[in-house]
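Below is start.cif, which holds mmCIF, C-alpha atoms.
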data_start
#
loop_
_atom_site.label_atom_id
_atom_site.label_comp_id
_atom_site.auth_asym_id
_atom_site.auth_seq_id
_atom_site.Cartn_x
_atom_site.Cartn_y
_atom_site.Cartn_z
CA MET A 917 29.85 65.91 9.67
CA LYS A 918 27.11 63.96 7.95
CA SER A 919 26.87 60.19 7.75
CA ARG A 920 25.30 57.83 5.22
CA ILE A 921 25.00 54.09 5.91
CA TRP A 922 23.83 51.37 3.55
CA ARG A 923 23.95 47.61 3.19
CA PHE A 924 25.07 45.68 0.14
CA GLU A 925 25.02 41.97 -0.71
CA LEU A 926 28.24 40.83 -2.39
CA LYS A 927 27.53 37.89 -4.70
CA LEU A 928 30.13 35.13 -4.78
CA THR A 929 31.25 33.79 -8.13
CA HIS A 930 31.35 30.28 -6.62
CA PRO A 931 29.91 28.85 -3.37
CA TRP A 932 32.29 29.39 -0.44
CA ARG A 933 32.92 27.30 2.67
CA ILE A 934 35.46 27.18 5.49
CA ALA A 935 35.93 24.76 8.40
CA ARG A 936 33.29 26.32 10.66
CA GLY A 937 30.55 27.05 8.12
CA ASP A 938 28.26 25.87 5.36
CA ASP A 939 28.27 26.81 1.70
CA THR A 940 27.35 30.43 1.07
CA THR A 941 26.71 32.30 -2.18
CA GLY A 942 26.41 35.82 -0.81
CA PHE A 943 28.09 37.97 1.81
CA PRO A 944 26.43 41.11 3.23
CA VAL A 945 28.55 44.17 4.00
CA VAL A 946 27.86 47.69 5.27
CA PHE A 947 29.22 50.90 3.77
CA SER A 948 29.67 54.13 5.70
CA GLU A 949 30.22 57.50 4.02
CA LEU A 950 31.21 60.63 5.93
CA THR A 951 31.17 64.22 4.63
CA ASP A 952 31.83 67.46 6.48
CA ASP A 953 30.81 71.09 5.95
CA ALA A 954 34.11 71.82 4.19
CA GLY A 955 33.16 69.40 1.44
CA ARG A 956 35.63 66.73 2.53
CA GLY A 957 34.51 63.12 2.41
CA GLY A 958 35.55 59.53 2.89
CA ILE A 959 34.08 56.06 2.56
CA GLY A 960 34.49 52.93 4.67
CA GLU A 961 33.27 49.37 4.71
CA SER A 962 32.49 46.69 7.27
CA ALA A 963 32.53 42.97 6.45
CA PRO A 964 31.39 41.61 9.83
CA ILE A 965 32.57 38.21 11.04
CA GLY A 966 29.98 35.91 12.60
CA ARG A 967 32.77 34.15 14.49
CA TYR A 968 32.93 37.22 16.75
CA GLY A 969 29.19 37.68 17.13
CA GLU A 970 29.07 40.46 14.54
CA SER A 971 26.63 40.86 11.66
CA VAL A 972 25.29 43.57 9.39
CA ASP A 973 22.57 44.07 12.00
CA THR A 974 25.04 44.70 14.85
CA VAL A 975 27.16 46.91 12.60
CA GLU A 976 24.25 49.05 11.45
CA ALA A 977 22.86 49.31 14.99
CA PHE A 978 26.21 50.58 16.25
CA LEU A 979 26.70 53.01 13.38
CA ARG A 980 23.28 54.53 13.94
CA ARG A 981 24.29 55.30 17.53
CA VAL A 982 27.27 57.33 16.36
CA GLU A 983 26.88 61.10 16.57
CA SER A 984 28.67 62.16 13.42
CA ALA A 985 29.27 65.63 14.86
CA LYS A 986 31.75 64.01 17.25
CA LEU A 987 33.86 62.68 14.37
CA SER A 988 36.60 64.64 12.63
CA PHE A 989 38.93 64.08 9.70
CA ASP A 990 41.37 66.34 11.55
CA ASP A 991 41.55 64.18 14.71
CA ILE A 992 41.14 60.50 13.94
CA HIS A 993 42.59 59.43 17.29
CA SER A 994 39.97 61.35 19.27
CA SER A 995 37.25 60.13 16.94
CA MET A 996 38.21 56.52 17.64
CA ARG A 997 38.27 57.21 21.38
CA TYR A 998 34.72 58.46 21.07
CA LEU A 999 33.69 55.27 19.23
CA ASP A 1000 35.32 53.14 21.94
CA SER A 1001 33.33 55.05 24.56
CA LEU A 1002 30.07 53.90 22.94
CA ALA A 1003 30.73 50.17 23.38
CA PRO A 1004 33.62 47.74 23.77
CA GLY A 1005 34.43 45.50 20.83
CA GLN A 1006 32.30 46.19 17.74
CA HIS A 1007 35.52 46.15 15.72
CA ALA A 1008 33.79 45.54 12.38
CA ALA A 1009 31.57 48.60 12.82
CA LYS A 1010 34.43 50.77 14.02
CA CYS A 1011 36.41 49.55 11.01
CA ALA A 1012 33.94 51.16 8.61
CA VAL A 1013 34.13 54.53 10.38
CA ASN A 1014 37.90 54.43 10.72
CA ILE A 1015 38.45 53.71 7.03
CA ALA A 1016 36.11 56.57 6.10
CA LEU A 1017 37.99 58.92 8.44
CA VAL A 1018 41.42 57.94 7.11
CA ASP A 1019 40.16 58.14 3.52
CA GLY A 1020 38.77 61.63 4.13
CA ALA A 1021 41.89 62.83 5.92
CA ALA A 1022 44.17 61.55 3.16
CA ARG A 1023 41.99 63.07 0.45
CA ALA A 1024 42.07 66.41 2.28
CA ALA A 1025 45.88 66.16 2.40
CA ARG A 1026 45.86 65.29 -1.32
CA GLN A 1027 47.74 62.07 -0.66
CA PRO A 1028 46.97 58.39 -1.15
CA VAL A 1029 46.49 56.64 2.19
CA CYS A 1030 49.83 54.81 1.95
CA ASP A 1031 51.68 58.13 1.70
CA PHE A 1032 49.49 59.75 4.36
CA LEU A 1033 50.67 56.94 6.68
CA LYS A 1034 54.29 57.47 5.53
CA LEU A 1035 54.51 53.91 4.19
CA GLY A 1036 54.50 54.35 0.44
CA PHE A 1037 53.59 51.57 -1.96
CA THR A 1038 56.03 49.73 -4.23
CA GLU A 1039 54.47 48.72 -7.52
CA LYS A 1040 55.23 45.22 -8.93
CA LYS A 1041 56.29 44.00 -5.48
CA HIS A 1042 53.21 42.82 -3.59
CA VAL A 1043 51.54 39.53 -4.56
CA THR A 1044 48.27 38.30 -3.10
CA ARG A 1045 47.46 34.64 -2.77
CA PHE A 1046 44.17 33.36 -4.20
CA SER A 1047 41.93 31.39 -1.84
CA ILE A 1048 40.27 28.04 -2.55
CA GLY A 1049 37.43 27.14 -0.19
CA ILE A 1050 36.46 23.72 1.13
CA GLY A 1051 34.59 21.60 -1.43
CA THR A 1052 34.68 18.28 -3.20
CA PRO A 1053 37.95 17.28 -4.87
CA GLU A 1054 36.41 17.95 -8.28
CA VAL A 1055 35.33 21.45 -7.27
CA VAL A 1056 38.78 22.17 -5.80
CA ARG A 1057 40.43 20.90 -8.97
CA GLN A 1058 38.27 23.14 -11.15
CA LYS A 1059 38.85 26.23 -9.00
CA VAL A 1060 42.61 25.70 -8.99
CA ARG A 1061 42.68 25.40 -12.76
CA LYS A 1062 40.65 28.59 -13.13
CA ALA A 1063 43.12 30.31 -10.79
CA ALA A 1064 46.11 29.38 -12.95
CA ARG A 1065 47.09 33.05 -13.41
CA TYR A 1066 47.65 33.51 -9.66
CA PRO A 1067 51.18 32.53 -8.57
CA VAL A 1068 50.33 31.63 -4.95
CA LEU A 1069 47.28 29.80 -3.59
CA LYS A 1070 45.63 29.35 -0.22
CA LEU A 1071 43.61 26.23 0.56
CA LYS A 1072 40.97 26.11 3.27
CA VAL A 1073 41.16 22.89 5.31
CA GLY A 1074 39.72 21.54 8.56
CA SER A 1075 37.25 19.01 7.11
CA PRO A 1076 37.30 15.20 6.71
CA GLY A 1077 38.14 15.71 3.03
CA ASP A 1078 41.39 17.60 3.58
CA ARG A 1079 43.73 15.05 2.05
CA ALA A 1080 41.56 14.39 -0.97
CA ASN A 1081 41.15 18.12 -1.55
CA PHE A 1082 44.87 18.76 -1.24
CA ALA A 1083 45.55 15.92 -3.68
CA ALA A 1084 43.09 17.51 -6.10
CA LEU A 1085 44.90 20.84 -5.77
CA ARG A 1086 48.18 19.13 -6.58
CA GLU A 1087 46.69 17.41 -9.63
CA ALA A 1088 45.81 20.83 -11.02
CA ALA A 1089 48.92 22.69 -9.78
CA PRO A 1090 51.70 20.19 -9.01
CA ALA A 1091 54.31 22.56 -7.57
CA LYS A 1092 52.60 25.92 -7.03
CA PRO A 1093 53.35 27.56 -3.64
CA VAL A 1094 50.39 27.30 -1.29
CA SER A 1095 49.49 28.19 2.27
CA VAL A 1096 46.87 26.31 4.24
CA ASP A 1097 44.21 27.74 6.58
CA ALA A 1098 42.52 25.41 9.08
CA ASN A 1099 40.28 28.10 10.63
CA GLU A 1100 40.55 26.41 14.07
CA GLY A 1101 39.53 23.08 12.51
CA TRP A 1102 42.03 20.78 14.23
CA LYS A 1103 41.10 20.35 17.87
CA THR A 1104 44.26 19.02 19.55
CA LYS A 1105 47.97 19.72 19.30
CA GLU A 1106 48.62 16.11 18.28
CA GLU A 1107 46.09 16.25 15.44
CA ALA A 1108 47.51 19.57 14.31
CA LEU A 1109 51.09 18.27 14.33
CA ARG A 1110 50.14 15.16 12.34
CA ASN A 1111 48.48 17.28 9.69
CA ILE A 1112 51.30 19.81 9.55
CA GLU A 1113 53.88 17.03 9.13
CA TRP A 1114 51.79 15.61 6.29
CA LEU A 1115 51.61 19.03 4.63
CA HIS A 1116 55.33 19.58 5.10
CA SER A 1117 56.04 16.43 3.09
CA ASP A 1118 54.56 18.16 0.03
CA GLY A 1119 57.58 20.47 -0.16
CA HIS A 1120 55.69 23.51 -1.44
CA VAL A 1121 53.49 24.51 1.53
CA GLN A 1122 54.64 27.86 2.91
CA PHE A 1123 52.83 28.00 6.26
CA VAL A 1124 49.67 26.95 8.12
CA GLU A 1125 47.13 29.40 9.56
CA GLN A 1126 45.27 28.89 12.83
CA PRO A 1127 45.55 25.10 13.10
CA MET A 1128 43.76 24.99 16.50
CA PRO A 1129 40.99 26.97 18.24
CA SER A 1130 42.01 30.36 19.59
CA ALA A 1131 40.91 29.24 23.07
CA THR A 1132 43.63 26.55 23.11
CA ASP A 1133 45.91 26.76 26.15
CA PRO A 1134 49.04 28.80 25.31
CA LYS A 1135 51.22 25.93 26.54
CA ASP A 1136 49.76 23.75 23.76
CA TRP A 1137 50.46 26.46 21.20
CA ARG A 1138 54.04 26.68 22.44
CA TRP A 1139 54.34 22.87 22.23
CA LEU A 1140 53.13 22.95 18.62
CA LYS A 1141 55.35 25.87 17.65
CA GLU A 1142 58.44 24.08 18.97
CA ARG A 1143 57.69 20.93 16.93
CA SER A 1144 56.05 22.24 13.77
CA PRO A 1145 58.14 21.73 10.61
CA LEU A 1146 56.16 24.58 9.00
CA PRO A 1147 55.58 28.11 10.27
CA ILE A 1148 52.23 28.55 11.99
CA PHE A 1149 50.32 31.84 11.77
CA GLY A 1150 47.73 33.11 14.21
CA ASP A 1151 44.54 34.57 12.76
CA GLU A 1152 41.62 34.14 15.12
CA SER A 1153 44.24 34.35 17.89
CA TYR A 1154 45.53 37.79 16.82
CA HIS A 1155 43.38 40.92 16.81
CA SER A 1156 45.39 43.93 17.93
CA ALA A 1157 48.81 45.22 18.94
CA ALA A 1158 48.05 44.16 22.53
CA ASP A 1159 48.20 40.50 21.42
CA ALA A 1160 51.74 40.70 20.02
CA GLY A 1161 53.60 39.48 23.11
CA LEU A 1162 51.66 36.25 23.53
CA ALA A 1163 51.52 35.72 19.77
CA ALA A 1164 55.32 35.79 19.60
CA GLU A 1165 55.39 32.89 22.07
CA CYS A 1166 52.82 30.82 20.21
CA PHE A 1167 53.28 31.55 16.50
CA HIS A 1168 55.82 32.30 13.81
CA GLY A 1169 53.55 34.87 12.19
CA VAL A 1170 50.13 36.52 12.33
CA ASN A 1171 47.31 37.39 9.97
CA VAL A 1172 45.98 40.94 10.43
CA LYS A 1173 42.53 41.81 9.10
CA LEU A 1174 41.12 45.32 9.18
CA VAL A 1175 37.70 44.12 10.33
CA LYS A 1176 39.30 42.38 13.33
CA SER A 1177 41.51 45.33 14.21
CA GLY A 1178 39.01 48.16 13.91
CA GLY A 1179 40.17 49.58 10.59
CA ILE A 1180 43.30 51.02 9.03
CA SER A 1181 44.59 52.58 12.26
CA GLY A 1182 44.23 49.42 14.34
CA ALA A 1183 45.69 47.21 11.61
CA PHE A 1184 48.63 49.61 11.20
CA ASP A 1185 49.39 49.31 14.92
CA ALA A 1186 48.86 45.52 14.94
CA LEU A 1187 51.24 45.02 12.03
CA ARG A 1188 53.97 47.22 13.51
CA ALA A 1189 53.69 45.54 16.91
CA ALA A 1190 53.92 42.09 15.33
CA ARG A 1191 57.00 43.00 13.33
CA LYS A 1192 58.62 44.52 16.42
CA ALA A 1193 57.95 41.22 18.25
CA GLY A 1194 59.79 39.31 15.53
CA LEU A 1195 56.71 37.83 13.89
CA GLN A 1196 56.11 37.44 10.18
CA THR A 1197 53.08 39.40 9.02
CA MET A 1198 50.27 38.80 6.61
CA ILE A 1199 47.33 41.04 5.75
CA GLY A 1200 44.14 39.06 5.25
CA CYS A 1201 40.52 39.75 4.44
CA MET A 1202 36.97 38.48 4.44
CA ILE A 1203 34.68 38.54 1.41
CA GLU A 1204 34.96 42.28 0.75
CA SER A 1205 34.51 44.93 -1.90
CA SER A 1206 37.33 47.02 -3.31
CA VAL A 1207 36.87 49.56 -0.51
CA LEU A 1208 38.18 47.26 2.23
CA ILE A 1209 40.61 45.48 -0.09
CA SER A 1210 42.15 48.77 -1.22
CA ALA A 1211 42.36 49.97 2.39
CA ALA A 1212 44.32 46.82 3.22
CA ALA A 1213 46.54 47.22 0.15
CA HIS A 1214 47.70 50.62 1.39
CA LEU A 1215 49.34 48.80 4.33
CA ALA A 1216 51.18 46.32 2.12
CA GLU A 1217 54.65 47.64 2.96
CA LEU A 1218 54.14 46.31 6.52
CA ALA A 1219 53.38 42.76 5.33
CA ASP A 1220 55.50 39.76 4.38
CA HIS A 1221 52.48 38.08 2.77
CA LEU A 1222 49.16 39.26 1.38
CA ASP A 1223 45.83 37.48 1.24
CA ILE A 1224 43.60 40.28 -0.02
CA ASP A 1225 41.56 38.51 -2.66
CA GLY A 1226 38.05 39.01 -1.23
CA ASN A 1227 36.97 41.24 -4.11
CA LEU A 1228 38.30 38.72 -6.63
CA LEU A 1229 35.78 36.17 -5.36
CA VAL A 1230 32.67 38.28 -6.09
CA SER A 1231 30.82 39.16 -9.27
CA ASN A 1232 29.21 42.50 -8.32
CA ASP A 1233 31.85 44.66 -6.66
CA PRO A 1234 30.27 48.15 -6.59
CA PHE A 1235 33.67 49.89 -6.44
CA SER A 1236 36.97 49.78 -8.28
CA GLY A 1237 40.35 50.36 -6.67
CA ALA A 1238 43.47 48.28 -6.21
CA THR A 1239 43.80 45.58 -8.87
CA ALA A 1240 45.48 42.17 -8.77
CA GLU A 1241 46.25 41.13 -12.32
CA GLN A 1242 48.30 37.92 -12.26
CA GLY A 1243 48.11 38.26 -8.47
CA VAL A 1244 50.24 41.43 -8.39
CA VAL A 1245 48.55 44.14 -6.33
CA SER A 1246 48.62 47.53 -8.03
CA PHE A 1247 47.22 51.04 -7.84
CA ALA A 1248 48.69 51.99 -11.21
CA GLY A 1249 45.35 52.06 -13.00
CA ALA A 1250 43.26 53.52 -10.19
CA ALA A 1251 40.88 56.25 -11.31
CA GLU A 1252 41.42 58.27 -8.13
CA LYS A 1253 44.76 59.72 -6.98
CA PHE A 1254 44.10 60.38 -3.31
CA GLY A 1255 42.67 58.69 -0.22
CA LEU A 1256 41.81 55.01 -0.71
CA ARG A 1257 42.01 55.53 -4.47
CA VAL A 1258 38.62 53.86 -4.96
CA LYS A 1259 35.71 54.91 -7.13
CA ALA A 1260 32.09 53.78 -7.43
CA ARG A 1261 31.48 51.83 -10.61
#
Just give me the structure of the file as structure tokens.
Amino acid sequence: MKSRIWRFELKLTHPWRIARGDDTTGFPVVFSELTDDAGRGGIGESAPIGRYGESVDTVEAFLRRVESAKLSFDDIHSSMRYLDSLAPGQHAAKCAVNIALVDGAARAARQPVCDFLKLGFTEKKHVTRFSIGIGTPEVVRQKVRKAARYPVLKLKVGSPGDRANFAALREAAPAKPVSVDANEGWKTKEEALRNIEWLHSDGHVQFVEQPMPSATDPKDWRWLKERSPLPIFGDESYHSAADAGLAAECFHGVNVKLVKSGGISGAFDALRAARKAGLQTMIGCMIESSVLISAAAHLAELADHLDIDGNLLVSNDPFSGATAEQGVVSFAGAAEKFGLRVKAR
């Protein structure tokens, strides 16, 4: 097995901000390509999350420690055990390798990843929401108008301007379904409940993601869940299948991201465990290219909601794969038939 690693700076079409950050216009990612002596190959991507102490530097450092000879498209489980033996955590880096392994294995089997995982993919069924970052009311209004073709929106909140920004969204899209993501921005259960009750009065808010910090005492999460008039979803509080039991006590649903879960395999397990625990499921993303977005799309049959719009927010995606015309996720026009169904532009 041979490995190739390279960095790439995704350029955002518009500045992006969430509750715990400043405006950003670019997002660095790391690609990992694996090929073996039989001519089989696969590609993966890491979009590291600073919230978890990960960066392109930590990802690349980890990947350069990997002995590619110990990886195999024929035994992904053992390959991931080997990666875990190198260091705990490092989920974003392991994500890139895992996606490349699954891509290569599915290509070798001459199947798209969704079929390789025995999930399938139903065309014209899966709709992704389109995310609107924190900004001034005028910026929010403009972004919502430009996103008119997307049937469901997601608004980032957790700043002093929440109510003005939400009002601006409603000026541009009076009754469009929307979910709200606080990214841990509300610090107490009382503040969270007040804001959720306000959002509920709108009548078209579907659910609220991560209203409080993940370190919040579970008893406060249970208190909020019992009183919330809207479903609350855990994001920063849900990483893997091992979290499903506690998540079922604290949330109505969870947001699974491949870079949090260590790739396709970890996300697959996290989604199945959540559904078994009675939780609603959503697949989310960071700012990502079509490699990671397409990998996530192959798991769509395990999700009640999708938020896989990271590639729609950038202007220089180096790959093509799953599309989202009018918000409907599709592989119908993909140039490749097997694996992730992605191709370099």
Margin query: Residues within 9 Å of A:Val1068, please, as an NGL selection string. Count only C-alpha atoms; anything in the same chain fewer than 4 positions from it doesn't count.
Written below: :A and (1043-1047 or 1092-1095 or 1243)
Checklist line | Polymer residues at most 10 Å from A:Leu1174, only C-alpha atoms, same-chain spacing of 3 or more positions, as a list in words | finding: Glu961, Ser962, Ala963, His1007, Ala1008, Lys1010, Cys1011, Ala1012, Asn1014, Ile1015, His1155, Ser1156, Ser1177, Gly1178, Gly1179, Ile1180, Ser1181, Gly1182, Ala1183, Phe1184, Ala1186, Ile1199, Gly1200, Cys1201, Met1202, Leu1208, Ile1209, Ala1211 and Ala1212 of chain A
Next item on the list: Using the chain letters and numbers from the file, give me the residues hit by the PyMOL selection byres ((chain A and resi 1001) around 12), as an MDAnalysis selection string.
Entry: chainID A and resid 978 981:983 986 994:1000 1002:1006 1010
Go ahead and dump the residues you just picked, C-alpha atoms, as a tab-separated table (two decimals), in the coordinates of the input.
chain	number	residue	atom	x	y	z
A	978	PHE	CA	26.21	50.58	16.25
A	981	ARG	CA	24.29	55.30	17.53
A	982	VAL	CA	27.27	57.33	16.36
A	983	GLU	CA	26.88	61.10	16.57
A	986	LYS	CA	31.75	64.01	17.25
A	994	SER	CA	39.97	61.35	19.27
A	995	SER	CA	37.25	60.13	16.94
A	996	MET	CA	38.21	56.52	17.64
A	997	ARG	CA	38.27	57.21	21.38
A	998	TYR	CA	34.72	58.46	21.07
A	999	LEU	CA	33.69	55.27	19.23
A	1000	ASP	CA	35.32	53.14	21.94
A	1002	LEU	CA	30.07	53.90	22.94
A	1003	ALA	CA	30.73	50.17	23.38
A	1004	PRO	CA	33.62	47.74	23.77
A	1005	GLY	CA	34.43	45.50	20.83
A	1006	GLN	CA	32.30	46.19	17.74
A	1010	LYS	CA	34.43	50.77	14.02
Margin query: On this structure, the PyMOL selection byres ((chain A and resi 1128) around 6) would catch which residues? List them as a PyMOL selection string, sorted by chain and number.
Written below: chain A and resi 1100+1102-1103+1126-1127+1129
Next item on the list: Compute the distance from (42.9, 47.0, -6.7) to each atom, counting all atoms listed in the file, keep the residues with any atom at most 10 Å away, and return them as a list in words; use the coordinates of the file.
Entry: Ser1205, Ser1206, Val1207, Ile1209, Ser1210, Ala1211, Ala1213, Ile1224, Asp1225, Asn1227, Leu1228, Phe1235, Ser1236, Gly1237, Ala1238, Thr1239, Ala1240, Glu1241, Val1244, Val1245, Ser1246, Phe1247, Ala1248, Gly1249, Ala1250, Arg1257 and Val1258 of chain A
Notebook entry, point to check: Suppose you want the space between atom CA of A:Trp1137 and atom CA of A:Lys1173; what is it in Å?
Noted result: 21.1 Å
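Atom CA of A:Leu1035 is found 12.9 Å from atom CA of A:Ala1022.
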Note to self: Neighbouring residues of A:Gln1122 were defined as those with any atom within 12 Å, considering all atoms listed in the file; residues of the same chain fewer than 6 positions away were excluded. Please report them as a list in words.
What the structure shows: Arg1045, Val1068, Leu1069, Lys1070, Leu1071, Ala1091, Lys1092, Pro1093, Val1094, Ser1095, Val1096, Asp1097, Ile1112, Leu1115, His1116, Pro1145, Leu1146, Pro1147, Ile1148, Phe1149, His1168, Gly1169 and His1221 of chain A
